[in-house]
$ cat input.pdb   # PDB, C-alpha atoms, pLDDT in the B column
ATOM      1  CA  MET A1188     -14.516 -28.231  11.270  1.00 59.00           C
ATOM      2  CA  LYS A1189     -11.419 -27.763  13.443  1.00 54.00           C
ATOM      3  CA  ARG A1190      -9.245 -28.205  10.364  1.00 56.00           C
ATOM      4  CA  VAL A1191     -11.136 -25.452   8.498  1.00 43.00           C
ATOM      5  CA  VAL A1192     -10.846 -23.071  11.456  1.00 41.00           C
ATOM      6  CA  LEU A1193      -7.094 -23.786  11.757  1.00 40.00           C
ATOM      7  CA  LEU A1194      -6.635 -23.182   8.020  1.00 45.00           C
ATOM      8  CA  ILE A1195      -8.506 -19.870   8.237  1.00 46.00           C
ATOM      9  CA  VAL A1196      -6.529 -18.784  11.320  1.00 40.00           C
ATOM     10  CA  GLY A1197      -3.262 -19.785   9.619  1.00 42.00           C
ATOM     11  CA  PHE A1198      -4.190 -17.951   6.437  1.00 41.00           C
ATOM     12  CA  VAL A1199      -5.195 -14.793   8.346  1.00 38.00           C
ATOM     13  CA  SER A1200      -1.963 -14.978  10.389  1.00 44.00           C
ATOM     14  CA  ILE A1201       0.159 -15.175   7.238  1.00 43.00           C
ATOM     15  CA  ILE A1202      -1.696 -12.220   5.691  1.00 41.00           C
ATOM     16  CA  PHE A1203      -1.211 -10.235   8.916  1.00 38.00           C
ATOM     17  CA  LEU A1204       2.537 -11.001   9.033  1.00 34.00           C
ATOM     18  CA  ILE A1205       2.976  -9.969   5.397  1.00 35.00           C
ATOM     19  CA  PHE A1206       1.081  -6.754   6.102  1.00 36.00           C
ATOM     20  CA  LEU A1207       3.254  -6.003   9.146  1.00 34.00           C
ATOM     21  CA  PHE A1208       6.472  -6.749   7.294  1.00 35.00           C
ATOM     22  CA  CYS A1209       5.613  -4.587   4.287  1.00 34.00           C
ATOM     23  CA  ASN A1210       4.139  -1.655   6.174  1.00 34.00           C
ATOM     24  CA  GLY A1211       6.634  -1.810   9.015  1.00 35.00           C
ATOM     25  CA  ASN A1212       9.480  -1.070   6.598  1.00 35.00           C
ATOM     26  CA  ALA A1213       7.673   1.536   4.505  1.00 35.00           C
ATOM     27  CA  ASP A1214       9.020   4.533   6.428  1.00 41.00           C
ATOM     28  CA  LYS A1215      12.223   2.962   7.678  1.00 46.00           C
ATOM     29  CA  GLN A1216      15.273   4.789   6.380  1.00 62.00           C
ATOM     30  CA  ASN A1217      17.708   2.472   4.658  1.00 86.00           C
ATOM     31  CA  PHE A1218      20.576   4.966   4.527  1.00 93.00           C
ATOM     32  CA  TYR A1219      21.948   4.367   8.024  1.00 96.00           C
ATOM     33  CA  GLY A1220      25.569   3.285   8.106  1.00 96.00           C
ATOM     34  CA  THR A1221      29.152   4.392   7.714  1.00 97.00           C
ATOM     35  CA  TYR A1222      30.284   5.868   4.424  1.00 98.00           C
ATOM     36  CA  THR A1223      33.336   7.401   2.834  1.00 97.00           C
ATOM     37  CA  PHE A1224      33.593  10.361   0.521  1.00 97.00           C
ATOM     38  CA  ASP A1225      33.499   9.400  -3.155  1.00 97.00           C
ATOM     39  CA  GLU A1226      33.379  12.689  -5.067  1.00 96.00           C
ATOM     40  CA  LEU A1227      31.737  16.083  -5.230  1.00 95.00           C
ATOM     41  CA  ILE A1228      29.047  16.146  -7.872  1.00 94.00           C
ATOM     42  CA  TYR A1229      28.380  19.842  -7.307  1.00 93.00           C
ATOM     43  CA  LEU A1230      30.238  22.843  -5.909  1.00 92.00           C
ATOM     44  CA  THR A1231      28.711  26.324  -5.926  1.00 87.00           C
ATOM     45  CA  ALA A1232      30.175  29.025  -8.105  1.00 83.00           C
ATOM     46  CA  PHE A1233      30.456  31.118  -4.918  1.00 81.00           C
ATOM     47  CA  SER A1234      33.209  28.814  -3.646  1.00 83.00           C
ATOM     48  CA  SER A1235      36.792  29.980  -4.003  1.00 83.00           C
ATOM     49  CA  SER A1236      37.868  26.323  -4.333  1.00 87.00           C
ATOM     50  CA  LEU A1237      38.056  24.184  -7.427  1.00 89.00           C
ATOM     51  CA  ILE A1238      36.110  20.932  -7.450  1.00 89.00           C
ATOM     52  CA  ASP A1239      39.271  18.890  -8.164  1.00 92.00           C
ATOM     53  CA  SER A1240      41.115  20.333  -5.155  1.00 90.00           C
ATOM     54  CA  VAL A1241      38.113  19.694  -2.892  1.00 92.00           C
ATOM     55  CA  ASN A1242      37.905  16.117  -4.165  1.00 92.00           C
ATOM     56  CA  GLU A1243      41.587  15.611  -3.289  1.00 93.00           C
ATOM     57  CA  SER A1244      41.302  17.173   0.165  1.00 92.00           C
ATOM     58  CA  ARG A1245      38.169  15.180   1.058  1.00 93.00           C
ATOM     59  CA  ALA A1246      39.659  11.780   0.200  1.00 94.00           C
ATOM     60  CA  GLY A1247      39.255   9.562   3.256  1.00 94.00           C
ATOM     61  CA  THR A1248      36.477  11.636   4.813  1.00 97.00           C
ATOM     62  CA  LYS A1249      34.220   9.398   6.919  1.00 98.00           C
ATOM     63  CA  TYR A1250      30.460   9.913   7.310  1.00 98.00           C
ATOM     64  CA  THR A1251      28.496   8.244  10.096  1.00 98.00           C
ATOM     65  CA  ILE A1252      24.747   8.408   9.608  1.00 97.00           C
ATOM     66  CA  GLU A1253      22.770   6.710  12.379  1.00 97.00           C
ATOM     67  CA  THR A1254      19.513   7.302  14.237  1.00 95.00           C
ATOM     68  CA  ASP A1255      21.394   8.951  17.109  1.00 96.00           C
ATOM     69  CA  LEU A1256      24.350  10.534  15.271  1.00 97.00           C
ATOM     70  CA  PHE A1257      25.278  12.433  12.124  1.00 98.00           C
ATOM     71  CA  LYS A1258      29.040  12.825  11.970  1.00 98.00           C
ATOM     72  CA  ILE A1259      31.584  13.915   9.373  1.00 98.00           C
ATOM     73  CA  GLU A1260      35.271  13.318  10.080  1.00 97.00           C
ATOM     74  CA  SER A1261      37.550  15.112   7.629  1.00 94.00           C
ATOM     75  CA  ASN A1262      41.033  16.589   7.485  1.00 88.00           C
ATOM     76  CA  ASP A1263      39.378  19.931   6.631  1.00 85.00           C
ATOM     77  CA  PHE A1264      36.552  19.986   9.174  1.00 90.00           C
ATOM     78  CA  ASN A1265      34.488  17.904  11.588  1.00 95.00           C
ATOM     79  CA  VAL A1266      30.738  17.929  12.153  1.00 96.00           C
ATOM     80  CA  GLU A1267      28.854  16.103  14.889  1.00 97.00           C
ATOM     81  CA  ILE A1268      25.114  16.310  15.462  1.00 97.00           C
ATOM     82  CA  SER A1269      23.799  14.224  18.339  1.00 97.00           C
ATOM     83  CA  SER A1270      20.218  12.957  18.264  1.00 97.00           C
ATOM     84  CA  PRO A1271      19.470  14.297  14.786  1.00 97.00           C
ATOM     85  CA  SER A1272      16.126  13.972  13.096  1.00 97.00           C
ATOM     86  CA  TYR A1273      16.015  13.177   9.401  1.00 97.00           C
ATOM     87  CA  VAL A1274      12.952  14.889   7.964  1.00 95.00           C
ATOM     88  CA  LYS A1275      11.886  13.245   4.719  1.00 94.00           C
ATOM     89  CA  GLU A1276      10.587  15.436   1.904  1.00 87.00           C
ATOM     90  CA  ASP A1277      10.069  15.161  -1.804  1.00 83.00           C
ATOM     91  CA  VAL A1278      12.969  16.667  -3.688  1.00 85.00           C
ATOM     92  CA  GLN A1279      12.405  20.398  -3.785  1.00 75.00           C
ATOM     93  CA  PRO A1280      13.016  22.081  -7.128  1.00 68.00           C
ATOM     94  CA  VAL A1281      15.716  24.686  -6.817  1.00 66.00           C
ATOM     95  CA  SER A1282      15.072  27.812  -8.840  1.00 59.00           C
ATOM     96  CA  SER A1283      18.404  29.534  -9.100  1.00 67.00           C
ATOM     97  CA  PRO A1284      20.509  30.582 -12.042  1.00 65.00           C
ATOM     98  CA  LEU A1285      23.539  29.383 -10.051  1.00 70.00           C
ATOM     99  CA  PHE A1286      22.340  25.830  -9.425  1.00 77.00           C
ATOM    100  CA  ASP A1287      21.605  23.234 -12.059  1.00 76.00           C
ATOM    101  CA  GLY A1288      18.684  21.374 -10.501  1.00 75.00           C
ATOM    102  CA  ASP A1289      19.024  18.687 -13.172  1.00 84.00           C
ATOM    103  CA  ILE A1290      22.022  17.341 -11.277  1.00 88.00           C
ATOM    104  CA  LEU A1291      19.635  15.799  -8.738  1.00 89.00           C
ATOM    105  CA  GLN A1292      17.449  14.276 -11.427  1.00 87.00           C
ATOM    106  CA  ASP A1293      20.488  13.068 -13.399  1.00 89.00           C
ATOM    107  CA  ASN A1294      21.690  11.197 -10.294  1.00 90.00           C
ATOM    108  CA  GLY A1295      18.293   9.569  -9.686  1.00 90.00           C
ATOM    109  CA  VAL A1296      17.585  11.420  -6.443  1.00 91.00           C
ATOM    110  CA  LYS A1297      14.102  10.511  -5.199  1.00 90.00           C
ATOM    111  CA  TYR A1298      13.997  11.991  -1.688  1.00 92.00           C
ATOM    112  CA  GLN A1299      15.732  14.508   0.466  1.00 93.00           C
ATOM    113  CA  TYR A1300      16.088  14.462   4.221  1.00 96.00           C
ATOM    114  CA  ASP A1301      16.724  17.695   6.055  1.00 95.00           C
ATOM    115  CA  ILE A1302      18.916  17.049   9.058  1.00 97.00           C
ATOM    116  CA  LYS A1303      17.733  18.837  12.176  1.00 97.00           C
ATOM    117  CA  ASP A1304      19.327  18.971  15.600  1.00 96.00           C
ATOM    118  CA  LYS A1305      17.658  17.622  18.725  1.00 95.00           C
ATOM    119  CA  ALA A1306      15.917  20.989  19.253  1.00 96.00           C
ATOM    120  CA  GLY A1307      14.392  20.752  15.764  1.00 95.00           C
ATOM    121  CA  ASN A1308      16.572  23.464  14.204  1.00 95.00           C
ATOM    122  CA  LYS A1309      17.927  23.125  10.669  1.00 92.00           C
ATOM    123  CA  THR A1310      21.609  22.213  10.591  1.00 95.00           C
ATOM    124  CA  LYS A1311      22.298  23.278   6.991  1.00 94.00           C
ATOM    125  CA  TRP A1312      22.977  19.656   6.085  1.00 97.00           C
ATOM    126  CA  ARG A1313      20.776  17.495   3.894  1.00 96.00           C
ATOM    127  CA  LEU A1314      20.760  13.955   2.548  1.00 97.00           C
ATOM    128  CA  TYR A1315      19.740  13.204  -1.018  1.00 95.00           C
ATOM    129  CA  VAL A1316      18.738   9.591  -1.603  1.00 95.00           C
ATOM    130  CA  SER A1317      18.622   7.709  -4.882  1.00 92.00           C
ATOM    131  CA  PRO A1318      18.049   3.958  -5.270  1.00 91.00           C
ATOM    132  CA  GLU A1319      21.776   3.496  -5.922  1.00 89.00           C
ATOM    133  CA  CYS A1320      23.545   6.263  -3.975  1.00 93.00           C
ATOM    134  CA  LEU A1321      23.516   8.537  -0.979  1.00 97.00           C
ATOM    135  CA  PHE A1322      24.583  12.171  -1.189  1.00 97.00           C
ATOM    136  CA  VAL A1323      25.269  14.733   1.542  1.00 98.00           C
ATOM    137  CA  ALA A1324      24.698  18.388   0.754  1.00 96.00           C
ATOM    138  CA  SER A1325      25.520  21.514   2.661  1.00 95.00           C
ATOM    139  CA  TYR A1326      23.668  24.737   2.131  1.00 91.00           C
ATOM    140  CA  HIS A1327      23.670  28.315   3.360  1.00 85.00           C
ATOM    141  CA  ASN A1328      20.946  30.908   3.600  1.00 80.00           C
ATOM    142  CA  SER A1329      21.257  33.900   1.328  1.00 75.00           C
ATOM    143  CA  ALA A1330      20.683  37.457   2.474  1.00 74.00           C
ATOM    144  CA  TYR A1331      17.191  37.105   0.998  1.00 76.00           C
ATOM    145  CA  GLY A1332      16.373  34.007   3.055  1.00 72.00           C
ATOM    146  CA  SER A1333      16.592  31.451   0.256  1.00 76.00           C
ATOM    147  CA  GLU A1334      18.745  28.351   0.566  1.00 80.00           C
ATOM    148  CA  VAL A1335      21.881  28.181  -1.550  1.00 83.00           C
ATOM    149  CA  ILE A1336      23.224  24.673  -2.117  1.00 89.00           C
ATOM    150  CA  TRP A1337      26.942  24.936  -1.421  1.00 92.00           C
ATOM    151  CA  GLU A1338      28.084  21.442  -2.322  1.00 94.00           C
ATOM    152  CA  ILE A1339      26.822  17.916  -2.878  1.00 95.00           C
ATOM    153  CA  ALA A1340      29.064  14.952  -2.078  1.00 96.00           C
ATOM    154  CA  LYS A1341      28.467  11.439  -3.344  1.00 97.00           C
ATOM    155  CA  LEU A1342      29.179   8.799  -0.685  1.00 97.00           C
ATOM    156  CA  SER A1343      30.311   5.163  -0.897  1.00 95.00           C
ATOM    157  CA  ARG A1344      29.905   2.286   1.524  1.00 91.00           C
TER     158      ARG A1344
END
$ encode --input "input.pdb" --output "structure tokens"
Amino acid sequence: MKRVVLLIVGFVSIIFLIFLFCNGNADKQNFYGTYTFDELIYLTAFSSSLIDSVNESRAGTKYTIETDLFKIESNDFNVEISSPSYVKEDVQPVSSPLFDGDILQDNGVKYQYDIKDKAGNKTKWRLYVSPECLFVASYHNSAYGSEVIWEIAKLSR
């Protein structure tokens, strides 16, 4: 009888551990880390720059994406957001004649994370996550209140 009870307790414990392991990682972001700029996959037509010149000037740009810090260190600009929150959303379709929304689908993007500051305000930065890659996008608000994707950078580890 003791052996049966021990087997049942062992079996239930294993099931419980599997449940904890699987569900405990379900919402855990796996994009934290340090990255470098790879290439721009999109640059708005509103930009006065050419994508090739931006790619050259961004070479060596470092991105730090952690639970307590979002940081971009570039020769062109620096961004630092302390205590950011990464708000996960399904990829939002962008309806604009100036943005080819297929670029997200073509790159396998599954989720987007809006980056908000510690007060909960939008920072105009967003992460796009695919199973293979991480992308950082910047956007601006138009005069009509809609978001205009300015650029999307592909990152490398």
$ resolve_selection --input "input.pdb" --expression "the PyMOL selection byres ((chain A and resi 1223) around 7)" --output "NGL selection string"
:A and (1222 or 1224-1225 or 1247-1250 or 1342-1344)
$ atom_distance --input "input.pdb" --atom1 "atom CA of A:Asp1263" --atom2 "atom CA of A:Asn1217"
27.9 Å
$ atom_distance --input "input.pdb" --atom1 "atom CA of A:Gly1288" --atom2 "atom CA of A:Asn1262"
29.1 Å
$ closest_atom_pairs --input "input.pdb" --of "stretch 1292-1326 of chain A" --to "stretch 1332-1337 of chain A" --cutoff "12 Å" --atoms "only C-alpha atoms" --output "CSV"
residue,atom,partner,partner_atom,distance
A:Lys1309,CA,A:Glu1334,CA,11.4
A:Lys1311,CA,A:Glu1334,CA,8.9
A:Trp1312,CA,A:Ile1336,CA,9.6
A:Arg1313,CA,A:Ile1336,CA,9.7
A:Leu1314,CA,A:Ile1336,CA,11.9
A:Val1323,CA,A:Trp1337,CA,10.8
A:Ala1324,CA,A:Ile1336,CA,7.1
A:Ser1325,CA,A:Trp1337,CA,5.5
A:Tyr1326,CA,A:Ile1336,CA,4.3
$ residues_around --input "input.pdb" --residues "stretch 1255-1261 of chain A" --least-positions-apart "6" --cutoff "9 Å" --atoms "only C-alpha atoms" --output "number ranges by chain"
A: 1244-1249, 1267-1272, 1302
$ write_last_selection --input "input.pdb" --atoms "C-alpha atoms" --output "PDB file, keeping the file's coordinate frame"
ATOM      1  CA  SER A1244      41.302  17.173   0.165  1.00 92.00           C
ATOM      2  CA  ARG A1245      38.169  15.180   1.058  1.00 93.00           C
ATOM      3  CA  ALA A1246      39.659  11.780   0.200  1.00 94.00           C
ATOM      4  CA  GLY A1247      39.255   9.562   3.256  1.00 94.00           C
ATOM      5  CA  THR A1248      36.477  11.636   4.813  1.00 97.00           C
ATOM      6  CA  LYS A1249      34.220   9.398   6.919  1.00 98.00           C
ATOM      7  CA  GLU A1267      28.854  16.103  14.889  1.00 97.00           C
ATOM      8  CA  ILE A1268      25.114  16.310  15.462  1.00 97.00           C
ATOM      9  CA  SER A1269      23.799  14.224  18.339  1.00 97.00           C
ATOM     10  CA  SER A1270      20.218  12.957  18.264  1.00 97.00           C
ATOM     11  CA  PRO A1271      19.470  14.297  14.786  1.00 97.00           C
ATOM     12  CA  SER A1272      16.126  13.972  13.096  1.00 97.00           C
ATOM     13  CA  ILE A1302      18.916  17.049   9.058  1.00 97.00           C
TER      14      ILE A1302
END
$ resolve_selection --input "input.pdb" --expression "the PyMOL selection byres ((chain A and resi 1290) around 12)" --output "number ranges by chain"
A: 1227-1230, 1278, 1280-1281, 1286-1289, 1291-1296, 1315, 1322, 1336, 1338-1341
$ write_last_selection --input "input.pdb" --atoms "C-alpha atoms" --output "compact mmCIF listing (two decimals), in the coordinates of the input"
# COMPACT_ATOMS: atom_id res chain seq x y z
CA LEU A 1227 31.74 16.08 -5.23
CA ILE A 1228 29.05 16.15 -7.87
CA TYR A 1229 28.38 19.84 -7.31
CA LEU A 1230 30.24 22.84 -5.91
CA VAL A 1278 12.97 16.67 -3.69
CA PRO A 1280 13.02 22.08 -7.13
CA VAL A 1281 15.72 24.69 -6.82
CA PHE A 1286 22.34 25.83 -9.43
CA ASP A 1287 21.60 23.23 -12.06
CA GLY A 1288 18.68 21.37 -10.50
CA ASP A 1289 19.02 18.69 -13.17
CA LEU A 1291 19.64 15.80 -8.74
CA GLN A 1292 17.45 14.28 -11.43
CA ASP A 1293 20.49 13.07 -13.40
CA ASN A 1294 21.69 11.20 -10.29
CA GLY A 1295 18.29 9.57 -9.69
CA VAL A 1296 17.58 11.42 -6.44
CA TYR A 1315 19.74 13.20 -1.02
CA PHE A 1322 24.58 12.17 -1.19
CA ILE A 1336 23.22 24.67 -2.12
CA GLU A 1338 28.08 21.44 -2.32
CA ILE A 1339 26.82 17.92 -2.88
CA ALA A 1340 29.06 14.95 -2.08
CA LYS A 1341 28.47 11.44 -3.34
$ resolve_selection --input "input.pdb" --expression "the PyMOL selection byres ((chain A and resi 1274) around 6)" --output "PyMOL selection string"
chain A and resi 1273+1275+1300-1301
$ atom_distance --input "input.pdb" --atom1 "atom CA of A:Glu1226" --atom2 "atom CA of A:Gln1299"
18.6 Å
$ build_atoms --input "input.pdb" --residues "stretch 1304-1317 of chain A" --atoms "N, CA, C and O atoms" --output "PDB file, in the coordinates of the input"
ATOM      1  N   ASP A1304      18.738  19.324  14.316  1.00 96.00           N
ATOM      2  CA  ASP A1304      19.327  18.971  15.600  1.00 96.00           C
ATOM      3  C   ASP A1304      18.240  18.533  16.572  1.00 96.00           C
ATOM      4  O   ASP A1304      17.046  18.549  16.238  1.00 96.00           O
ATOM      5  N   LYS A1305      18.647  18.158  17.777  1.00 95.00           N
ATOM      6  CA  LYS A1305      17.658  17.622  18.725  1.00 95.00           C
ATOM      7  C   LYS A1305      16.615  18.641  19.145  1.00 95.00           C
ATOM      8  O   LYS A1305      15.547  18.291  19.587  1.00 95.00           O
ATOM      9  N   ALA A1306      16.902  19.938  18.955  1.00 96.00           N
ATOM     10  CA  ALA A1306      15.917  20.989  19.253  1.00 96.00           C
ATOM     11  C   ALA A1306      14.988  21.256  18.067  1.00 96.00           C
ATOM     12  O   ALA A1306      14.082  22.066  18.164  1.00 96.00           O
ATOM     13  N   GLY A1307      15.241  20.578  16.937  1.00 95.00           N
ATOM     14  CA  GLY A1307      14.392  20.752  15.764  1.00 95.00           C
ATOM     15  C   GLY A1307      14.847  21.859  14.827  1.00 95.00           C
ATOM     16  O   GLY A1307      14.138  22.211  13.887  1.00 95.00           O
ATOM     17  N   ASN A1308      16.040  22.405  15.060  1.00 95.00           N
ATOM     18  CA  ASN A1308      16.572  23.464  14.204  1.00 95.00           C
ATOM     19  C   ASN A1308      17.286  22.871  12.991  1.00 95.00           C
ATOM     20  O   ASN A1308      17.943  21.831  13.102  1.00 95.00           O
ATOM     21  N   LYS A1309      17.200  23.559  11.855  1.00 92.00           N
ATOM     22  CA  LYS A1309      17.927  23.125  10.669  1.00 92.00           C
ATOM     23  C   LYS A1309      19.426  23.213  10.930  1.00 92.00           C
ATOM     24  O   LYS A1309      19.886  24.137  11.598  1.00 92.00           O
ATOM     25  N   THR A1310      20.156  22.250  10.386  1.00 95.00           N
ATOM     26  CA  THR A1310      21.609  22.213  10.591  1.00 95.00           C
ATOM     27  C   THR A1310      22.387  22.643   9.364  1.00 95.00           C
ATOM     28  O   THR A1310      23.605  22.699   9.405  1.00 95.00           O
ATOM     29  N   LYS A1311      21.691  22.927   8.279  1.00 94.00           N
ATOM     30  CA  LYS A1311      22.298  23.278   6.991  1.00 94.00           C
ATOM     31  C   LYS A1311      22.992  22.089   6.342  1.00 94.00           C
ATOM     32  O   LYS A1311      23.900  22.246   5.532  1.00 94.00           O
ATOM     33  N   TRP A1312      22.525  20.897   6.709  1.00 97.00           N
ATOM     34  CA  TRP A1312      22.977  19.656   6.085  1.00 97.00           C
ATOM     35  C   TRP A1312      21.744  18.914   5.592  1.00 97.00           C
ATOM     36  O   TRP A1312      20.684  18.973   6.214  1.00 97.00           O
ATOM     37  N   ARG A1313      21.902  18.208   4.501  1.00 96.00           N
ATOM     38  CA  ARG A1313      20.776  17.495   3.894  1.00 96.00           C
ATOM     39  C   ARG A1313      21.297  16.222   3.231  1.00 96.00           C
ATOM     40  O   ARG A1313      22.406  16.186   2.710  1.00 96.00           O
ATOM     41  N   LEU A1314      20.469  15.186   3.281  1.00 97.00           N
ATOM     42  CA  LEU A1314      20.760  13.955   2.548  1.00 97.00           C
ATOM     43  C   LEU A1314      19.899  13.921   1.304  1.00 97.00           C
ATOM     44  O   LEU A1314      18.720  14.282   1.349  1.00 97.00           O
ATOM     45  N   TYR A1315      20.482  13.491   0.200  1.00 95.00           N
ATOM     46  CA  TYR A1315      19.740  13.204  -1.018  1.00 95.00           C
ATOM     47  C   TYR A1315      19.879  11.708  -1.256  1.00 95.00           C
ATOM     48  O   TYR A1315      20.989  11.173  -1.223  1.00 95.00           O
ATOM     49  N   VAL A1316      18.743  11.042  -1.490  1.00 95.00           N
ATOM     50  CA  VAL A1316      18.738   9.591  -1.603  1.00 95.00           C
ATOM     51  C   VAL A1316      18.248   9.178  -2.977  1.00 95.00           C
ATOM     52  O   VAL A1316      17.180   9.608  -3.418  1.00 95.00           O
ATOM     53  N   SER A1317      19.044   8.344  -3.634  1.00 92.00           N
ATOM     54  CA  SER A1317      18.622   7.709  -4.882  1.00 92.00           C
ATOM     55  C   SER A1317      18.612   6.202  -4.615  1.00 92.00           C
ATOM     56  O   SER A1317      19.153   5.756  -3.601  1.00 92.00           O
TER      57      SER A1317
END
